[in-house]
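Okay, query20.txt is below, compact mmCIF, C-alpha atoms:
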# COMPACT_ATOMS: atom_id res chain seq x y z
CA MET A 1 1.68 -38.69 20.61
CA HIS A 2 0.83 -35.48 18.83
CA SER A 3 3.18 -34.45 16.04
CA VAL A 4 4.89 -31.13 16.52
CA ARG A 5 4.67 -28.71 13.62
CA PRO A 6 7.89 -26.94 12.68
CA PRO A 7 7.90 -23.26 13.61
CA ARG A 8 6.55 -20.95 10.93
CA GLN A 9 9.30 -18.99 9.22
CA PRO A 10 9.02 -15.19 9.49
CA ARG A 11 8.04 -13.01 6.57
CA ARG A 12 10.72 -11.02 4.73
CA VAL A 13 10.89 -7.61 3.09
CA LEU A 14 11.30 -8.31 -0.62
CA HIS A 15 11.38 -5.85 -3.51
CA GLY A 16 10.76 -6.96 -7.07
CA VAL A 17 8.46 -8.48 -9.65
CA LEU A 18 7.73 -12.19 -10.03
CA LEU A 19 6.26 -13.36 -13.31
CA LEU A 20 3.89 -16.15 -12.33
CA ASP A 21 2.16 -18.63 -14.64
CA LYS A 22 -1.24 -18.75 -12.93
CA PRO A 23 -2.73 -22.24 -12.81
CA LEU A 24 -6.18 -23.19 -14.02
CA GLY A 25 -8.94 -22.95 -11.43
CA TRP A 26 -7.15 -20.51 -9.12
CA THR A 27 -8.23 -16.93 -8.52
CA SER A 28 -5.52 -14.30 -8.94
CA ASN A 29 -5.61 -13.61 -5.21
CA ASP A 30 -5.27 -17.32 -4.38
CA ALA A 31 -2.16 -17.48 -6.59
CA LEU A 32 -0.76 -14.30 -5.03
CA GLN A 33 -1.23 -15.57 -1.47
CA LYS A 34 0.40 -18.90 -2.33
CA ALA A 35 3.40 -17.17 -3.93
CA LYS A 36 3.70 -14.79 -0.97
CA GLY A 37 3.81 -17.75 1.36
CA ILE A 38 6.45 -19.57 -0.67
CA LEU A 39 8.62 -16.44 -0.86
CA ARG A 40 7.83 -15.43 2.74
CA ALA A 41 7.15 -11.94 1.41
CA GLU A 42 5.65 -9.29 3.68
CA LYS A 43 3.91 -7.13 1.11
CA GLY A 44 2.63 -8.05 -2.33
CA GLY A 45 -0.07 -7.52 -4.91
CA HIS A 46 -1.02 -8.66 -8.40
CA THR A 47 -1.36 -6.50 -11.48
CA GLY A 48 -4.74 -7.35 -12.90
CA THR A 49 -7.23 -10.12 -12.27
CA LEU A 50 -7.29 -13.33 -14.30
CA ASP A 51 -10.48 -15.38 -14.01
CA PRO A 52 -10.15 -18.90 -12.55
CA LEU A 53 -10.85 -20.20 -16.09
CA ALA A 54 -7.73 -18.42 -17.38
CA THR A 55 -4.09 -19.40 -17.07
CA GLY A 56 -0.89 -17.61 -17.89
CA LEU A 57 1.05 -14.48 -17.10
CA LEU A 58 0.26 -12.83 -13.77
CA PRO A 59 2.92 -10.30 -12.71
CA LEU A 60 3.18 -10.16 -8.92
CA CYS A 61 4.70 -7.11 -7.24
CA PHE A 62 6.48 -7.23 -3.90
CA GLY A 63 7.62 -4.41 -1.64
CA ALA A 64 8.70 -1.31 -3.55
CA ALA A 65 7.51 -2.76 -6.86
CA THR A 66 3.88 -2.34 -5.73
CA LYS A 67 4.34 1.42 -6.22
CA PHE A 68 4.52 0.85 -9.99
CA SER A 69 1.90 -1.87 -10.44
CA GLN A 70 -0.49 0.55 -12.15
CA ALA A 71 1.83 0.61 -15.17
CA SER A 72 1.23 -3.11 -15.67
CA LEU A 73 -2.51 -2.70 -15.07
CA ASP A 74 -2.62 -0.07 -17.82
CA ALA A 75 -0.45 -2.04 -20.28
CA ASP A 76 -1.75 -3.76 -23.40
CA LYS A 77 -2.42 -7.48 -23.01
CA ARG A 78 -2.01 -10.53 -25.23
CA TYR A 79 -4.08 -13.72 -25.02
CA THR A 80 -4.47 -17.09 -26.65
CA ALA A 81 -8.25 -17.52 -26.74
CA THR A 82 -10.00 -20.77 -27.62
CA LEU A 83 -13.57 -20.35 -28.89
CA HIS A 84 -16.18 -23.11 -29.07
CA LEU A 85 -18.33 -22.32 -32.08
CA GLY A 86 -21.99 -23.28 -32.26
CA GLN A 87 -22.83 -22.88 -28.59
CA ARG A 88 -23.75 -19.90 -26.46
CA THR A 89 -23.68 -20.07 -22.65
CA ASN A 90 -25.23 -17.82 -20.02
CA THR A 91 -21.77 -16.76 -18.81
CA GLY A 92 -20.02 -16.46 -22.15
CA ASP A 93 -17.54 -19.18 -21.20
CA ARG A 94 -17.46 -22.95 -20.68
CA GLU A 95 -18.41 -22.67 -17.00
CA GLY A 96 -21.94 -21.57 -17.84
CA GLU A 97 -25.04 -23.40 -19.01
CA VAL A 98 -25.60 -23.83 -22.73
CA ILE A 99 -28.53 -21.60 -23.70
CA GLU A 100 -28.40 -21.96 -27.49
CA GLU A 101 -26.94 -24.33 -30.06
CA ARG A 102 -26.62 -23.74 -33.78
CA PRO A 103 -24.95 -25.57 -36.65
CA VAL A 104 -21.55 -24.22 -37.69
CA HIS A 105 -21.51 -23.34 -41.39
CA THR A 106 -18.50 -21.13 -42.02
CA ASP A 107 -15.17 -20.98 -43.78
CA LEU A 108 -11.78 -19.41 -43.20
CA ALA A 109 -12.62 -16.30 -45.21
CA ALA A 110 -15.70 -15.64 -43.08
CA ILE A 111 -13.72 -16.15 -39.87
CA GLU A 112 -11.01 -13.77 -41.06
CA ALA A 113 -13.65 -11.18 -41.97
CA ALA A 114 -15.32 -11.51 -38.57
CA CYS A 115 -12.02 -11.05 -36.75
CA THR A 116 -11.13 -8.05 -38.90
CA GLY A 117 -14.49 -6.51 -38.06
CA PHE A 118 -13.58 -6.40 -34.39
CA THR A 119 -10.11 -4.96 -34.89
CA GLY A 120 -9.46 -1.35 -33.89
CA ALA A 121 -11.43 0.80 -31.45
CA ILE A 122 -14.68 -0.96 -30.56
CA ASP A 123 -17.43 -0.61 -27.96
CA GLN A 124 -17.94 -3.49 -25.52
CA VAL A 125 -20.71 -4.04 -23.01
CA PRO A 126 -19.12 -5.67 -19.93
CA PRO A 127 -20.55 -9.15 -19.21
CA MET A 128 -22.77 -9.70 -16.22
CA HIS A 129 -20.44 -12.45 -15.04
CA SER A 130 -17.54 -10.10 -14.31
CA ALA A 131 -15.89 -8.49 -11.29
CA LEU A 132 -16.87 -4.99 -12.42
CA LYS A 133 -18.61 -3.18 -9.55
CA HIS A 134 -22.12 -1.72 -9.53
CA GLU A 135 -23.20 0.11 -6.38
CA GLY A 136 -20.44 -1.61 -4.43
CA LYS A 137 -21.20 -5.16 -5.60
CA ALA A 138 -19.53 -7.20 -8.32
CA LEU A 139 -21.71 -7.80 -11.37
CA TYR A 140 -21.37 -11.57 -11.00
CA GLU A 141 -23.16 -11.31 -7.63
CA TYR A 142 -26.17 -9.78 -9.36
CA ALA A 143 -25.95 -12.40 -12.11
CA ARG A 144 -25.98 -15.25 -9.58
CA ALA A 145 -29.11 -13.74 -8.04
CA GLY A 146 -30.77 -13.58 -11.46
CA VAL A 147 -30.67 -9.78 -11.61
CA GLU A 148 -29.72 -8.06 -14.86
CA VAL A 149 -27.96 -4.68 -14.43
CA GLU A 150 -27.74 -2.14 -17.22
CA ARG A 151 -24.08 -1.68 -18.21
CA PRO A 152 -22.87 1.18 -20.38
CA ALA A 153 -20.62 0.23 -23.27
CA ARG A 154 -16.91 0.97 -22.90
CA GLN A 155 -14.44 1.63 -25.68
CA VAL A 156 -11.48 -0.74 -25.94
CA THR A 157 -8.89 -1.26 -28.65
CA ILE A 158 -8.18 -4.57 -30.35
CA HIS A 159 -4.77 -4.14 -31.96
CA SER A 160 -4.82 -7.46 -33.78
CA ILE A 161 -6.61 -10.82 -33.97
CA ASP A 162 -4.65 -13.64 -35.62
CA ILE A 163 -6.06 -17.09 -36.31
CA LEU A 164 -3.78 -19.74 -34.81
CA SER A 165 -5.92 -22.75 -35.72
CA TRP A 166 -9.43 -23.73 -36.73
CA GLN A 167 -10.92 -27.20 -36.78
CA GLY A 168 -14.65 -27.84 -36.72
CA THR A 169 -16.09 -26.06 -33.70
CA GLU A 170 -12.72 -25.09 -32.16
CA LEU A 171 -11.21 -21.75 -33.13
CA VAL A 172 -7.96 -20.57 -31.50
CA LEU A 173 -7.03 -16.90 -31.73
CA ASP A 174 -4.10 -14.72 -30.72
CA VAL A 175 -5.56 -11.44 -29.42
CA HIS A 176 -3.52 -8.29 -28.75
CA CYS A 177 -5.70 -5.73 -26.98
CA SER A 178 -5.90 -2.77 -24.63
CA LYS A 179 -6.56 -3.05 -20.92
CA GLY A 180 -10.17 -3.61 -19.96
CA THR A 181 -10.96 -5.86 -22.93
CA TYR A 182 -13.32 -8.73 -22.12
CA ILE A 183 -12.24 -11.71 -24.21
CA ARG A 184 -15.46 -13.57 -23.34
CA THR A 185 -17.45 -10.74 -24.88
CA LEU A 186 -15.17 -10.73 -27.92
CA ALA A 187 -15.72 -14.49 -28.33
CA GLU A 188 -19.48 -14.05 -28.18
CA ASP A 189 -19.38 -11.16 -30.65
CA ILE A 190 -17.29 -13.13 -33.15
CA GLY A 191 -19.69 -16.06 -32.81
CA ALA A 192 -22.63 -13.75 -33.47
CA ALA A 193 -20.90 -12.32 -36.54
CA LEU A 194 -20.42 -15.86 -37.86
CA GLY A 195 -24.11 -16.62 -37.29
CA CYS A 196 -23.49 -19.68 -35.14
CA GLY A 197 -22.75 -18.24 -31.71
CA ALA A 198 -19.71 -19.05 -29.58
CA HIS A 199 -18.37 -19.14 -26.07
CA LEU A 200 -14.88 -18.98 -24.61
CA SER A 201 -13.64 -22.47 -23.76
CA ALA A 202 -10.06 -21.61 -22.73
CA LEU A 203 -7.97 -18.50 -22.16
CA ARG A 204 -4.27 -18.01 -21.59
CA ARG A 205 -2.63 -14.63 -21.04
CA THR A 206 0.65 -14.62 -22.93
CA GLY A 207 1.75 -11.01 -22.53
CA SER A 208 1.36 -7.83 -20.51
CA GLY A 209 3.20 -4.85 -21.92
CA ALA A 210 6.76 -6.01 -22.57
CA LEU A 211 6.41 -8.99 -20.20
CA ARG A 212 5.97 -12.48 -21.67
CA VAL A 213 4.61 -15.74 -20.28
CA GLN A 214 7.72 -17.56 -21.52
CA ASP A 215 9.63 -15.88 -18.69
CA SER A 216 7.14 -16.88 -15.99
CA VAL A 217 7.34 -19.65 -13.39
CA SER A 218 4.65 -22.01 -12.14
CA LEU A 219 3.78 -22.34 -8.47
CA GLU A 220 5.01 -25.94 -8.51
CA ALA A 221 8.38 -24.94 -9.95
CA LEU A 222 8.66 -22.03 -7.51
CA GLN A 223 7.97 -24.35 -4.58
CA ALA A 224 10.72 -26.75 -5.70
CA LEU A 225 13.45 -24.09 -5.77
CA SER A 226 15.76 -23.06 -2.96
CA GLU A 227 15.18 -19.68 -1.36
CA ALA A 228 18.21 -18.21 -3.15
CA GLU A 229 16.90 -19.50 -6.50
CA ARG A 230 13.46 -18.03 -5.81
CA ASP A 231 14.95 -14.65 -4.95
CA ALA A 232 16.96 -14.72 -8.16
CA LEU A 233 13.68 -14.88 -10.12
CA LEU A 234 12.59 -11.49 -8.79
CA GLN A 235 13.01 -8.82 -11.43
CA PRO A 236 13.60 -5.14 -10.55
CA PRO A 237 10.56 -2.85 -10.25
CA ASP A 238 11.36 -0.96 -13.45
CA VAL A 239 10.70 -4.10 -15.52
CA LEU A 240 7.07 -2.92 -15.37
CA LEU A 241 8.04 0.30 -17.15
CA ALA A 242 9.87 -1.12 -20.17
CA GLY A 243 9.34 1.17 -23.15
CA TRP A 244 8.98 4.35 -21.08
CA PRO A 245 11.52 7.08 -21.89
CA ALA A 246 14.45 7.08 -19.46
CA VAL A 247 16.05 10.09 -17.75
CA HIS A 248 19.50 9.76 -16.13
CA LEU A 249 20.62 12.13 -13.38
CA PRO A 250 24.08 12.62 -11.83
CA ASP A 251 24.49 11.81 -8.14
CA ASP A 252 23.75 15.27 -6.75
CA GLU A 253 20.69 15.79 -8.93
CA ALA A 254 19.44 12.29 -8.11
CA GLY A 255 19.55 13.04 -4.40
CA ARG A 256 17.47 16.18 -4.85
CA PHE A 257 15.01 14.33 -7.09
CA LEU A 258 14.44 11.71 -4.36
CA THR A 259 13.38 14.48 -1.97
CA GLY A 260 10.63 15.42 -4.43
CA LEU A 261 12.23 18.65 -5.66
CA ARG A 262 11.55 19.63 -9.24
CA ARG A 263 14.55 19.64 -11.57
CA ARG A 264 15.16 21.68 -14.72
CA VAL A 265 15.88 19.45 -17.72
CA THR A 266 16.56 20.14 -21.39
CA LEU A 267 14.12 17.50 -22.55
CA ALA A 268 10.81 17.56 -24.36
CA ASP A 269 7.60 17.32 -22.39
CA ALA A 270 6.59 13.74 -21.59
CA PRO A 271 3.62 12.36 -19.61
CA ALA A 272 5.64 9.54 -18.03
CA VAL A 273 9.36 8.79 -17.72
CA ARG A 274 11.50 6.47 -15.59
CA VAL A 275 14.34 8.14 -13.73
CA TYR A 276 17.77 6.73 -12.89
CA ARG A 277 20.92 7.79 -11.11
CA ARG A 278 23.99 7.08 -13.18
CA PRO A 279 27.51 8.08 -12.06
CA PRO A 280 29.42 9.93 -14.82
CA GLU A 281 32.34 7.47 -14.80
CA PRO A 282 32.91 4.87 -16.04
CA PRO A 283 30.38 4.86 -18.90
CA ASP A 284 29.18 1.36 -18.02
CA ALA A 285 28.77 2.08 -14.30
CA PRO A 286 25.65 0.57 -12.67
CA ARG A 287 22.60 2.78 -12.68
CA ALA A 288 19.95 2.94 -9.98
CA PHE A 289 16.22 3.22 -10.58
CA LEU A 290 14.77 6.13 -8.58
CA GLY A 291 11.13 6.26 -9.62
CA THR A 292 8.77 7.79 -12.16
CA ALA A 293 8.10 11.36 -13.18
CA HIS A 294 6.69 13.54 -15.93
CA ILE A 295 8.21 16.49 -17.77
CA THR A 296 6.25 19.71 -18.15
CA ALA A 297 7.67 23.00 -19.46
CA GLY A 298 11.25 21.85 -18.93
CA GLU A 299 10.69 20.63 -15.38
CA LEU A 300 11.14 17.04 -14.19
CA ILE A 301 8.33 16.47 -11.68
CA ALA A 302 8.37 13.35 -9.50
CA ASP A 303 5.35 11.02 -9.47
CA ARG A 304 6.26 7.79 -7.67
CA LEU A 305 9.57 7.59 -5.81
CA LEU A 306 11.56 4.85 -4.16
CA SER A 307 12.88 5.55 -0.69
CA PRO A 308 16.68 5.79 -0.37
CA LEU A 309 16.67 2.33 1.26
CA GLU A 310 14.80 0.86 -1.70
CA VAL A 311 17.18 2.20 -4.35
CA GLN A 312 19.56 -0.46 -5.62
CA ASP A 313 22.13 -0.37 -8.39
CA SER A 314 21.49 -2.54 -11.43
CA PRO A 315 23.28 -3.05 -14.77
Represent the structure from my file as structure tokens, please.
Amino acid sequence: MHSVRPPRQPRRVLHGVLLLDKPLGWTSNDALQKAKGILRAEKGGHTGTLDPLATGLLPLCFGAATKFSQASLDADKRYTATLHLGQRTNTGDREGEVIEERPVHTDLAAIEAACTGFTGAIDQVPPMHSALKHEGKALYEYARAGVEVERPARQVTIHSIDILSWQGTELVLDVHCSKGTYIRTLAEDIGAALGCGAHLSALRRTGSGALRVQDSVSLEALQALSEAERDALLQPPDVLLAGWPAVHLPDDEAGRFLTGLRRRVTLADAPAVRVYRRPPEPPDAPRAFLGTAHITAGELIADRLLSPLEVQDSP
């Protein structure tokens, strides 16, 4: 007899942010699709690609939260990067072929100096083995075909590089950087500065803006939870905007703001603010996130708004 599969459960409308600890070997989209299936979510997206080689923090946005995913894409990132000194590969990481080997003759002072030399605003040439597009195709597609494409350098900012450990050929760094930083390229550049070459042997994203990997959940743990426990892990959309200035509007002003009307405010100009509705009484009454805006010449101008059905009170 043929076994009968249980009926597939329908998708749900969910709004919120799930902090996922992406497993090794998975693409970001693979992890997103798996999480969507577990949550039965209708609409979702991730906030920045992690290579299959990398693990760690991958914020996933569902429903209304997708409107604010760009804030996470633009946020500074933090990584634990493991460098293998003395070997260069054709991809800049451990998945490539070794193309050069050199003896490692260095000391802690030289490593500290090399890291300091790449701190601040620097120019990086994107690696050929990357998802960056050229004429509609990802660079890694050209690389696999043996075609080298000229890539203009891009400026990124390395806020800090701290040495976590160093033993022989293994160097582990904590890197705090701007969006768009290629850690593989940074690993190769540090190896070149040390005179021995290097490639990236492991990478873990530990932070994105104010979000931290310590608050994330693995796919295995997510799968083991009940549906109510999974839903409880979803954080409100404005978690992506932590650190932005906040504007609070009374009920009547909030309603007008949600229609897209400009409001006069006695606040300084600001390129990006998060906007809330807060009843005047009591002082600790729940507030509701309405969306994002900017302030120009005393006017509060809406950018990304939630629909009235998406607005929910929160502490």
Contact table segment 2-92 of chain A vs segment 173-189 of chain A, cut-off 6 Å, shortest pair per residue, only C-alpha atoms, as CSV:
residue,atom,partner,partner_atom,distance
A:Asp74,CA,A:Lys179,CA,5.8
A:Asp76,CA,A:Ser178,CA,4.4
A:Lys77,CA,A:Cys177,CA,5.4
A:Arg78,CA,A:His176,CA,4.4
A:Tyr79,CA,A:Val175,CA,5.2
A:Thr80,CA,A:Asp174,CA,4.7
A:Ala81,CA,A:Leu173,CA,5.2
A:Gly92,CA,A:Arg184,CA,5.5
Separation of atom CA of Val275 of chain A from atom CA of Leu60 of chain A in Å: 22.0 Å
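We find atom CA of Gly16 of chain A and atom CA of Gln235 of chain A to be spaced 5.2 Å apart.
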One-decimal distance in Å that lies between atom CA of Ala202 of chain A and atom CA of Leu73 of chain A: 21.8 Å
Against segment 158-162 of chain A, which residues of segment 79-139 of chain A fall within 9 Å? For each one I want the closest pair of atoms and the distance in Å (one decimal), counting all atoms listed in the file, rows by chain and increasing residue number, as a Markdown table.
| residue | atom | partner | partner_atom | distance |
| --- | --- | --- | --- | --- |
| A:Glu112 | CA | A:Asp162 | CA | 8.4 |
| A:Cys115 | CA | A:Ile161 | CA | 6.1 |
| A:Thr116 | CA | A:Ile161 | CA | 7.2 |
| A:Phe118 | CA | A:Ile158 | CA | 7.0 |
| A:Thr119 | CA | A:Ile158 | CA | 4.9 |
| A:Gly120 | CA | A:Ile158 | CA | 5.0 |
| A:Ala121 | CA | A:Ile158 | CA | 6.4 |
| A:Ile122 | CA | A:Ile158 | CA | 7.4 |
Within 9 Å of Leu261 of chain A using only C-alpha atoms, minus same-chain residues under 2 positions, as a list in words: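 Within the cut-off, the hits are Arg256, Phe257, Leu258, Thr259, Arg263, Leu300, Ile301 and Ala302 of chain A.
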Of the listed residues A:Leu32, A:Leu57, A:Leu14, A:Ala71, that which approaches Gly45 of chain A most closely, counting all atoms listed in the file: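 Among A:Leu32, A:Leu57, A:Leu14, A:Ala71, it is A:Leu32 that comes nearest to Gly45 of chain A.
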Residues within 10 Å of Val247 of chain A, only C-alpha atoms, excluding chain neighbours under 3 positions, as a PyMOL selection string: chain A and resi 244+265+267+273-278+289+292-293+300
Using all atoms listed in the file: which of A:Val213, A:Leu50, A:Val311, A:Val156 has the shortest distance to Leu24 of chain A: A:Leu50
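Comparing A:Ala75, A:Leu108, A:Leu309, A:Leu83 by their smallest distance to Thr157 of chain A, the closest is A:Ala75 (using all atoms listed in the file).
Among the candidate residues A:Ala288, A:Ala31, A:Leu85, A:Leu171, the one lying nearest to Pro52 of chain A is A:Ala31, with distances computed using only C-alpha atoms.
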Spatial neighbours of Glu100 of chain A, max dist 9 Å, only C-alpha atoms, sep filter under 3 positions, as a list in words: Gly86, Gln87, Arg88, Thr89 and Gly197 of chain A
Selection near Lys67 of chain A, 10 Å with all atoms listed in the file, sequence-local residues under 5 positions removed, as a list in words: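 Selected residues are Cys61, Phe62, Pro237, Gly291, Thr292, Arg304, Leu305 and Leu306 of chain A.
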